[in-house]
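Everything on this sheet refers to the single structure shown next.
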Amino acid sequence: MARDVRTRRAPAAEGRALARTVLGAGALSLATAAVPFSPTAPTGMAAALGVVGLALGALLHARAARLPRALPHAVLLLATSVVTVSVLASTTPAGRVVTACSYVWIALFTAAFHSRRAVCAHLVLLLAGFAAALWGGGAPSPAQTWGFMGGTVAAVAWTVNGLVLRLRARADEDQLTGALTRAAWLAEAEAAAAHGTRDGAPASLVVLDLDGFKEVNDRDGHAAGDRLLADLARAWAGTLRPGDLLGRLGGDEFALLLPRTRAAQVPEVLAALRAARPQGRWSAGTAEHAPGEAVADWLERADADLYAHKRARPGASRPAARRGPRPEPARGP
């Protein structure tokens with residue numbers, strides 16, 4: 001049930017944060033050019049970097065919602081290189097140390113938005129650049145300076161990244177069933193719908209609704225109902241293919257996102273779900289995404305299919321109307 005859908009764009013929140021950070025770095029660079037640390041400071045270089053930073057930040061801000069996934073990594077790599085060159089160009093020990101503090105924002109930005117693997121990669125590049133700057137610039141006590149400052153930055157970034165990943169997992173995972181929360185699942189469905197509209201990639205979704213769940217709660221208690229939900233979700237999770245995403249929309253209703261799947265392939269997926277929990281009673285409605293279709297409409301079509309199946313059962317009574325409005329798709333941060 002982990003999030004396996006991969007889009008080609010970076011999250012808009014990351015793009016906006018990167019834009020603000022680069023704008024801030026550009027403004028600070030211009031400030032150091034206007035008020036240098038020493039008479040020998042490379043003010044021309046600081047001014048040029050400030051102008052470039054402001055221009056790049058403005059461009060990132062204008063395209064924050066449409067940044068390729070690899071672009072933030074490229075910007076961070078460029079920033080690491082620029083800071084390394086700036087440390088090398090510093091003419092005083094104080095200027096060298098102050099300039100090296102710019103490595104901190106690169107490490108913390110990576111820790112806030114990226115995976116453990118990405119954090120490791122950026123920290124290795126950052127520490128290598130810092131070492132080159134210290135030894136190449138003839139800094140006093142380079143080994144001690146590199147070990148103390150580099151170790152501190154790496155430790156803080158690693159700790160922050162672990163905290164962010166735990167908070168993100170807690171926000172995205174339904175605590176009872178382990179499925180994605182409604183908001184997290186809808187965000188993935190939005191990404192899959194956008195991908196399908198843009199590139200023609202197929203995607204289907206399945207709405208899963210437990211039969212007789214109210215009777216279970218009334219007869220055996222809510223604890224038994226909770227166990228049933230958790231057991232079903234775990235059983236279904238064991239059958240999912242890489243990329244399939246199970247979410248809990250609320251109560252006893254789940255939704256399954258099937259990227260790269262046509263409607264004709266869905267019965268095979270449903271057969272696997274039933275085989276995993278043959279004693280569970282539940283109904284399913286499916287819909288394949290139509291290019292340009294909103295997620296709310298996509299879900300509505302799957303809902304209609306679900307209730308058509310319920311009505312078609314021999315001896316079935318008319319299903320009760322859905323309680324409450326259909327949850328709105330996630331709109332992004």
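Following the order of the structure tokens, first chain is A, next is B, and so on, with residues numbered from 1 inside each chain and ligands from 1 in the order they appear.
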
Item to check | Close residues, segment 201-212 of chain A itself excluded, 7 Å, only C-alpha atoms, min 3 positions apart in chain, as a list in words | outcome: Ala192, His195, Gly196, Glu215, Val216, Asp252, Glu253, Phe254, Ala255, Leu256, Leu257, Leu258, Pro259, Arg260, Thr261, Arg262, Ala263, Arg281, Trp282, Ser283, Ala284, Gly285, Thr286, Ala287, Glu288, His289, Ala302, Asp303 and Leu306 of chain A

Next on the checklist: Please extract the residues of segment 51-285 of chain A with a backbone DSSP assignment of alpha helix (DSSP H) and present them as a ChimeraX atom specification.
Outcome noted: /A:51-62,71-89,93-100,102-113,116-136,142-145,151-172,182-199,213-220,222-237,266-276

Taking only C-alpha atoms into account, produce a table as CSV in which each residue of segment 154-179 of chain A with an atom at most 7 Å from an atom of segment 229-242 of chain A appears once, together with its shortest atom pair and the distance in Å to one decimal, ordered by chain and rising number.
```
residue,atom,partner,partner_atom,distance
A:Leu176,CA,A:Ala230,CA,6.2
A:Thr177,CA,A:Ala230,CA,4.4
A:Ala179,CA,A:Ala233,CA,6.9
```

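We find atom CA of Arg16 of chain A and atom CA of Val52 of chain A to be spaced 17.5 Å apart.
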
Checklist entry - Which one of A:Arg96, A:Arg182, A:Arg170, A:His309 sits closest to Phe37 of chain A if you count only C-alpha atoms? => result A:Arg96

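Using only C-alpha atoms, the shortest contact distance between Gly44 of chain A and any of A:Val83, A:Ala89, A:Ala275, A:Leu163 is found at A:Ala89.
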
Checklist entry - Nearest to Asn161 of chain A among A:Met149, A:Thr84, A:Glu293, A:Ala107, with distances taken over only C-alpha atoms: which residue is it? => result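 Of all the options, A:Ala107 lies closest to Asn161 of chain A.
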
Next on the checklist: Could you list, as an MDAnalysis selection string, every residue within 10 Å of Val87 of chain A, counting only C-alpha atoms and ignoring same-chain residues fewer than 3 positions away?
Outcome noted: chainID A and resid 81:84 90:93 95:102 129:130 132:134 136:137 139

Export of prior selection with N, CA, C and O atoms as a compact mmCIF listing (two decimals), in the first residue's frame:
```txt
# COMPACT_ATOMS: atom_id res chain seq x y z
N SER A 81 27.74 23.72 -6.10
CA SER A 81 28.91 24.14 -6.87
C SER A 81 29.19 25.62 -6.66
O SER A 81 30.35 26.04 -6.50
N VAL A 82 28.13 26.44 -6.67
CA VAL A 82 28.29 27.88 -6.50
C VAL A 82 28.85 28.21 -5.12
O VAL A 82 29.77 29.04 -4.97
N VAL A 83 28.34 27.53 -4.08
CA VAL A 83 28.85 27.78 -2.73
C VAL A 83 30.31 27.36 -2.63
O VAL A 83 31.14 28.07 -2.01
N THR A 84 30.66 26.25 -3.25
CA THR A 84 32.05 25.78 -3.21
C THR A 84 32.98 26.80 -3.86
O THR A 84 34.04 27.15 -3.31
N SER A 90 36.68 33.34 -1.32
CA SER A 90 36.71 34.18 -0.12
C SER A 90 38.16 34.56 0.21
O SER A 90 39.08 33.75 0.08
N THR A 91 38.34 35.80 0.65
CA THR A 91 39.69 36.30 0.88
C THR A 91 40.09 36.36 2.35
O THR A 91 41.24 36.69 2.66
N THR A 92 39.14 36.08 3.25
CA THR A 92 39.45 36.11 4.68
C THR A 92 38.88 34.86 5.34
O THR A 92 37.89 34.28 4.85
N PRO A 93 39.45 34.42 6.46
CA PRO A 93 38.89 33.26 7.17
C PRO A 93 37.44 33.47 7.57
O PRO A 93 36.62 32.55 7.47
N GLY A 95 35.18 35.40 6.11
CA GLY A 95 34.35 35.31 4.91
C GLY A 95 34.18 33.87 4.44
O GLY A 95 33.10 33.47 3.98
N ARG A 96 35.24 33.08 4.60
CA ARG A 96 35.17 31.68 4.19
C ARG A 96 34.17 30.91 5.05
O ARG A 96 33.36 30.12 4.54
N VAL A 97 34.20 31.13 6.35
CA VAL A 97 33.30 30.42 7.26
C VAL A 97 31.85 30.84 7.02
O VAL A 97 30.94 30.01 6.96
N VAL A 98 31.63 32.15 6.89
CA VAL A 98 30.26 32.66 6.70
C VAL A 98 29.71 32.14 5.38
O VAL A 98 28.55 31.71 5.30
N THR A 99 30.51 32.15 4.34
CA THR A 99 30.05 31.67 3.04
C THR A 99 29.73 30.18 3.10
O THR A 99 28.75 29.71 2.51
N ALA A 100 30.53 29.42 3.83
CA ALA A 100 30.30 27.97 3.94
C ALA A 100 28.99 27.66 4.64
O ALA A 100 28.43 26.57 4.45
N CYS A 101 28.46 28.60 5.42
CA CYS A 101 27.16 28.37 6.07
C CYS A 101 26.04 28.19 5.05
O CYS A 101 24.97 27.67 5.39
N SER A 102 26.27 28.62 3.81
CA SER A 102 25.26 28.45 2.78
C SER A 102 25.01 26.98 2.47
O SER A 102 23.95 26.63 1.92
N GLY A 129 32.36 18.98 -1.88
CA GLY A 129 32.59 20.36 -2.28
C GLY A 129 33.20 21.18 -1.15
O GLY A 129 34.10 22.01 -1.37
N PHE A 130 32.74 20.96 0.06
CA PHE A 130 33.28 21.68 1.22
C PHE A 130 34.74 21.34 1.44
O PHE A 130 35.59 22.22 1.70
N ALA A 132 36.88 20.30 -0.87
CA ALA A 132 37.65 20.93 -1.95
C ALA A 132 37.85 22.41 -1.68
O ALA A 132 38.94 22.96 -1.93
N ALA A 133 36.82 23.07 -1.16
CA ALA A 133 36.91 24.50 -0.88
C ALA A 133 37.91 24.79 0.24
O ALA A 133 38.71 25.73 0.15
N LEU A 134 37.88 23.98 1.28
CA LEU A 134 38.77 24.21 2.43
C LEU A 134 40.23 23.96 2.06
O LEU A 134 41.11 24.78 2.34
N GLY A 136 41.51 23.55 -1.04
CA GLY A 136 41.93 24.34 -2.19
C GLY A 136 42.14 25.80 -1.85
O GLY A 136 42.97 26.47 -2.45
N GLY A 137 41.40 26.29 -0.86
CA GLY A 137 41.53 27.70 -0.49
C GLY A 137 42.56 27.95 0.58
O GLY A 137 42.73 29.09 1.03
N ALA A 139 42.56 27.00 3.78
CA ALA A 139 41.98 27.35 5.07
C ALA A 139 42.80 26.75 6.21
O ALA A 139 43.34 25.64 6.09
```

Item to check | Interatomic distance, atom CA of Ala47 of chain A to atom CA of Ala111 of chain A (Å, one decimal) | outcome: 28.6 Å

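Pairwise distance (atom CA of Pro68 of chain A, atom CA of Glu14 of chain A) equals 11.2 Å.
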
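Across A:Ala70, A:Gln265, A:Ala12, A:Trp135, the tightest approach to Leu88 of chain A is made by A:Trp135 when counting only C-alpha atoms.
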
Checklist entry - DSSP says strand (DSSP E or B) for which residues of segment 29-252 of chain A? Put them as an MDAnalysis selection string? => result chainID A and resid 68 173 180 203:210 245:250

For those residues, write C-alpha atoms to a file as a PDB file, in the first residue's frame.
```
ATOM      1  CA  PRO A  68      10.354  18.390 -13.989  1.00  0.00           C
ATOM      2  CA  GLU A 173      -1.441   6.273   6.070  1.00  0.00           C
ATOM      3  CA  LEU A 180      -3.603   5.519   2.118  1.00  0.00           C
ATOM      4  CA  ALA A 203      -5.586   3.985 -15.548  1.00  0.00           C
ATOM      5  CA  SER A 204      -8.569   2.407 -13.824  1.00  0.00           C
ATOM      6  CA  LEU A 205     -10.016   2.698 -10.366  1.00  0.00           C
ATOM      7  CA  VAL A 206     -12.136   0.402  -8.250  1.00  0.00           C
ATOM      8  CA  VAL A 207     -14.514   1.496  -5.480  1.00  0.00           C
ATOM      9  CA  LEU A 208     -14.855  -1.246  -2.841  1.00  0.00           C
ATOM     10  CA  ASP A 209     -17.794  -1.221  -0.433  1.00  0.00           C
ATOM     11  CA  LEU A 210     -18.345  -3.791   2.337  1.00  0.00           C
ATOM     12  CA  LEU A 245      -2.636   1.911  -4.539  1.00  0.00           C
ATOM     13  CA  LEU A 246      -5.293   1.123  -1.947  1.00  0.00           C
ATOM     14  CA  GLY A 247      -6.929   3.991  -0.094  1.00  0.00           C
ATOM     15  CA  ARG A 248      -9.640   4.260   2.525  1.00  0.00           C
ATOM     16  CA  LEU A 249     -12.147   6.904   1.465  1.00  0.00           C
ATOM     17  CA  GLY A 250     -14.043   6.681   4.746  1.00  0.00           C
TER      18      GLY A 250
END
```

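Using only C-alpha atoms, the contacts of Thr43 of chain A at a cut-off of 12 Å, with sequence neighbours closer than 3 positions omitted, comprise Ser29, Leu30, Ala31, Thr32, Ala33, Ala34, Val35, Pro36, Phe37, Ser38, Pro39, Thr40, Ala46, Ala47, Ala48, Leu49, Gly50, Ser86, Ala89, Ser90, Thr91 and Gly95 of chain A.
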
Would you mind exporting C-alpha atoms of the selected residues as a short mmCIF file (atom, residue, chain, number, x, y, z; two decimals), in the first residue's frame?
```
data_model
loop_
_atom_site.label_atom_id
_atom_site.label_comp_id
_atom_site.auth_asym_id
_atom_site.auth_seq_id
_atom_site.Cartn_x
_atom_site.Cartn_y
_atom_site.Cartn_z
CA SER A 29 24.27 37.65 -2.15
CA LEU A 30 23.40 41.16 -3.32
CA ALA A 31 23.46 42.34 0.30
CA THR A 32 26.98 40.98 0.79
CA ALA A 33 28.05 42.76 -2.41
CA ALA A 34 26.65 46.04 -1.07
CA VAL A 35 28.09 45.53 2.43
CA PRO A 36 31.17 43.29 2.02
CA PHE A 37 32.88 41.50 4.90
CA SER A 38 36.24 42.99 3.97
CA PRO A 39 37.78 45.47 1.48
CA THR A 40 39.16 42.52 -0.52
CA ALA A 46 28.63 38.34 -5.23
CA ALA A 47 26.60 40.87 -7.23
CA ALA A 48 26.57 38.65 -10.31
CA LEU A 49 25.47 35.63 -8.29
CA GLY A 50 22.77 37.73 -6.65
CA SER A 86 32.36 31.17 -3.41
CA ALA A 89 37.01 32.88 -3.70
CA SER A 90 36.71 34.18 -0.12
CA THR A 91 39.69 36.30 0.88
CA GLY A 95 34.35 35.31 4.91
#
```
